[in-house]
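Worksheet for the structure shown next.
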Amino acid sequence: MEQRRDPWAPFRIWTALTIGVYAVRAAFAATWVGAIPGWVLLLLLLVALALATAALLFPGRVVPWREGEPMGWWGRFLADRRLGRRRDPRDPSR
């Protein structure tokens with residue numbers, strides 16, 4: 001059986017690292033450790049956002065794909081649009 005990988009794992013690990021760096025910076029504000037520049041924290045935050053975006057855009061690594069089903073959120077979005085076009089907007093029963 002194929003092992004599935006959680007796409008949110010890198011985001012959680014990176015977020016924990018970011019919070020840890022910020023906590024160390026705040027705890028040792030009067031020493032050289034607290035002199036971590038703000039752009040380092042901003043960079044850590046931007047990488048966390050990129051990892052979260054990747055996890056949202058590519059969830060197909062966790063959800064098993066079946067033949068004929070759309071892949072990813074974009075495929076499901078397009079499938080929903082195609083389904084919506086087939087409906088008759090004047091028919092209140094649907």
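Please note that chains go A, B, ... in the order of the structure tokens, that every chain numbers its residues from 1, and that ligands are numbered from 1 in the order shown.
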
Env of Val40 in chain A: 10 Å cut, atoms = only C-alpha atoms, seq-sep filter 3 positions within chain, self excluded. Answer as a VMD selection string. chain A and resid 18 21 to 22 36 to 37 43 to 46

Would you output that residue set with C-alpha atoms, as a JSON list (two decimals), in the first residue's frame?
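That gives us part.json:
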```
[["chain", "number", "residue", "atom", "x", "y", "z"],
["A", 18, "THR", "CA", 9.13, 30.25, 13.87],
["A", 21, "VAL", "CA", 12.78, 31.58, 17.35],
["A", 22, "TYR", "CA", 10.44, 34.39, 18.33],
["A", 36, "ILE", "CA", 17.78, 38.71, 15.81],
["A", 37, "PRO", "CA", 16.66, 41.20, 13.14],
["A", 43, "LEU", "CA", 11.23, 35.65, 6.29],
["A", 44, "LEU", "CA", 10.23, 32.78, 8.61],
["A", 45, "LEU", "CA", 6.62, 33.96, 8.44],
["A", 46, "LEU", "CA", 6.66, 34.22, 4.64]]
```

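For range 4-35 of chain A, the set of residues given helix (DSSP H, G or I) by DSSP on the backbone reads Ala9, Pro10, Phe11, Arg12, Ile13, Trp14, Thr15, Ala16, Leu17, Thr18, Ile19, Gly20, Val21, Tyr22, Ala23, Val24, Arg25, Ala26, Ala27, Trp32, Val33, Gly34 and Ala35 of chain A.
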
Dump N, CA and C atoms for the selected residues as an mmCIF file, in the first residue's frame?
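Contents of the output file again_4.cif:
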```cif
data_model
loop_
_atom_site.group_PDB
_atom_site.id
_atom_site.type_symbol
_atom_site.label_atom_id
_atom_site.label_comp_id
_atom_site.auth_asym_id
_atom_site.auth_seq_id
_atom_site.Cartn_x
_atom_site.Cartn_y
_atom_site.Cartn_z
ATOM 1 N N ALA A 9 2.298 18.769 7.305
ATOM 2 C CA ALA A 9 3.413 18.508 8.223
ATOM 3 C C ALA A 9 4.527 19.549 8.101
ATOM 4 N N PRO A 10 5.015 19.900 6.893
ATOM 5 C CA PRO A 10 6.065 20.925 6.829
ATOM 6 C C PRO A 10 5.613 22.275 7.392
ATOM 7 N N PHE A 11 4.346 22.623 7.178
ATOM 8 C CA PHE A 11 3.824 23.885 7.701
ATOM 9 C C PHE A 11 3.843 23.884 9.224
ATOM 10 N N ARG A 12 3.396 22.780 9.832
ATOM 11 C CA ARG A 12 3.368 22.708 11.296
ATOM 12 C C ARG A 12 4.773 22.766 11.883
ATOM 13 N N ILE A 13 5.713 22.053 11.265
ATOM 14 C CA ILE A 13 7.091 22.061 11.763
ATOM 15 C C ILE A 13 7.694 23.463 11.633
ATOM 16 N N TRP A 14 7.484 24.095 10.488
ATOM 17 C CA TRP A 14 8.055 25.429 10.269
ATOM 18 C C TRP A 14 7.418 26.462 11.193
ATOM 19 N N THR A 15 6.123 26.327 11.441
ATOM 20 C CA THR A 15 5.444 27.251 12.349
ATOM 21 C C THR A 15 5.987 27.088 13.775
ATOM 22 N N ALA A 16 6.225 25.850 14.185
ATOM 23 C CA ALA A 16 6.801 25.615 15.512
ATOM 24 C C ALA A 16 8.201 26.221 15.599
ATOM 25 N N LEU A 17 8.983 26.085 14.544
ATOM 26 C CA LEU A 17 10.315 26.684 14.514
ATOM 27 C C LEU A 17 10.230 28.211 14.595
ATOM 28 N N THR A 18 9.305 28.802 13.859
ATOM 29 C CA THR A 18 9.135 30.254 13.866
ATOM 30 C C THR A 18 8.743 30.760 15.256
ATOM 31 N N ILE A 19 7.804 30.086 15.883
ATOM 32 C CA ILE A 19 7.377 30.475 17.234
ATOM 33 C C ILE A 19 8.529 30.301 18.221
ATOM 34 N N GLY A 20 9.299 29.238 18.060
ATOM 35 C CA GLY A 20 10.450 29.020 18.936
ATOM 36 C C GLY A 20 11.492 30.112 18.798
ATOM 37 N N VAL A 21 11.808 30.506 17.565
ATOM 38 C CA VAL A 21 12.780 31.581 17.349
ATOM 39 C C VAL A 21 12.277 32.883 17.948
ATOM 40 N N TYR A 22 10.999 33.161 17.765
ATOM 41 C CA TYR A 22 10.443 34.392 18.330
ATOM 42 C C TYR A 22 10.466 34.348 19.852
ATOM 43 N N ALA A 23 10.166 33.184 20.441
ATOM 44 C CA ALA A 23 10.175 33.066 21.905
ATOM 45 C C ALA A 23 11.580 33.238 22.462
ATOM 46 N N VAL A 24 12.575 32.655 21.791
ATOM 47 C CA VAL A 24 13.958 32.827 22.243
ATOM 48 C C VAL A 24 14.365 34.285 22.134
ATOM 49 N N ARG A 25 13.978 34.933 21.047
ATOM 50 C CA ARG A 25 14.304 36.355 20.866
ATOM 51 C C ARG A 25 13.662 37.209 21.961
ATOM 52 N N ALA A 26 12.414 36.897 22.288
ATOM 53 C CA ALA A 26 11.715 37.676 23.317
ATOM 54 C C ALA A 26 12.262 37.387 24.713
ATOM 55 N N ALA A 27 12.647 36.144 24.989
ATOM 56 C CA ALA A 27 13.124 35.777 26.320
ATOM 57 C C ALA A 27 14.502 36.371 26.614
ATOM 58 N N TRP A 32 22.684 39.176 23.193
ATOM 59 C CA TRP A 32 22.944 39.127 21.755
ATOM 60 C C TRP A 32 21.941 38.230 21.029
ATOM 61 N N VAL A 33 21.344 37.255 21.756
ATOM 62 C CA VAL A 33 20.357 36.367 21.122
ATOM 63 C C VAL A 33 19.109 37.155 20.743
ATOM 64 N N GLY A 34 18.775 38.143 21.535
ATOM 65 C CA GLY A 34 17.602 38.960 21.260
ATOM 66 C C GLY A 34 17.801 39.949 20.137
ATOM 67 N N ALA A 35 19.001 39.975 19.590
ATOM 68 C CA ALA A 35 19.287 40.917 18.506
ATOM 69 C C ALA A 35 18.982 40.325 17.134
#
```

Which polymer residues have any atom within 8 Å of an atom of Ala52 in chain A, counting only C-alpha atoms, with same-chain residues fewer than 4 positions away left out, as a PDB file with C-alpha atoms, in the first residue's frame?
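Wrote out18.pdb, looks like this:
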```
ATOM      1  CA  TRP A   8       0.436  20.099   6.423  1.00  0.00           C
ATOM      2  CA  PHE A  11       3.824  23.885   7.701  1.00  0.00           C
ATOM      3  CA  ALA A  48       5.272  29.458   6.653  1.00  0.00           C
ATOM      4  CA  LEU A  56      -3.929  24.081   0.294  1.00  0.00           C
TER       5      LEU A  56
END
```

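Between CA of Leu51 in chain A and CA of Trp73 in chain A lies a distance of 16.3 Å.
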
Have a look at CA of Leu49 in chain A and CA of Leu78 in chain A and let me know their distance in Å, one decimal. 25.1 Å

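With only C-alpha atoms as the atoms that count, the minimum distance from Leu57 in chain A to the choices A:Asp80, A:Leu41, A:Trp74, A:Asp6 is reached by A:Trp74.
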
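CA of Ala54 in chain A sits 15.7 Å away from CA of Gly75 in chain A.
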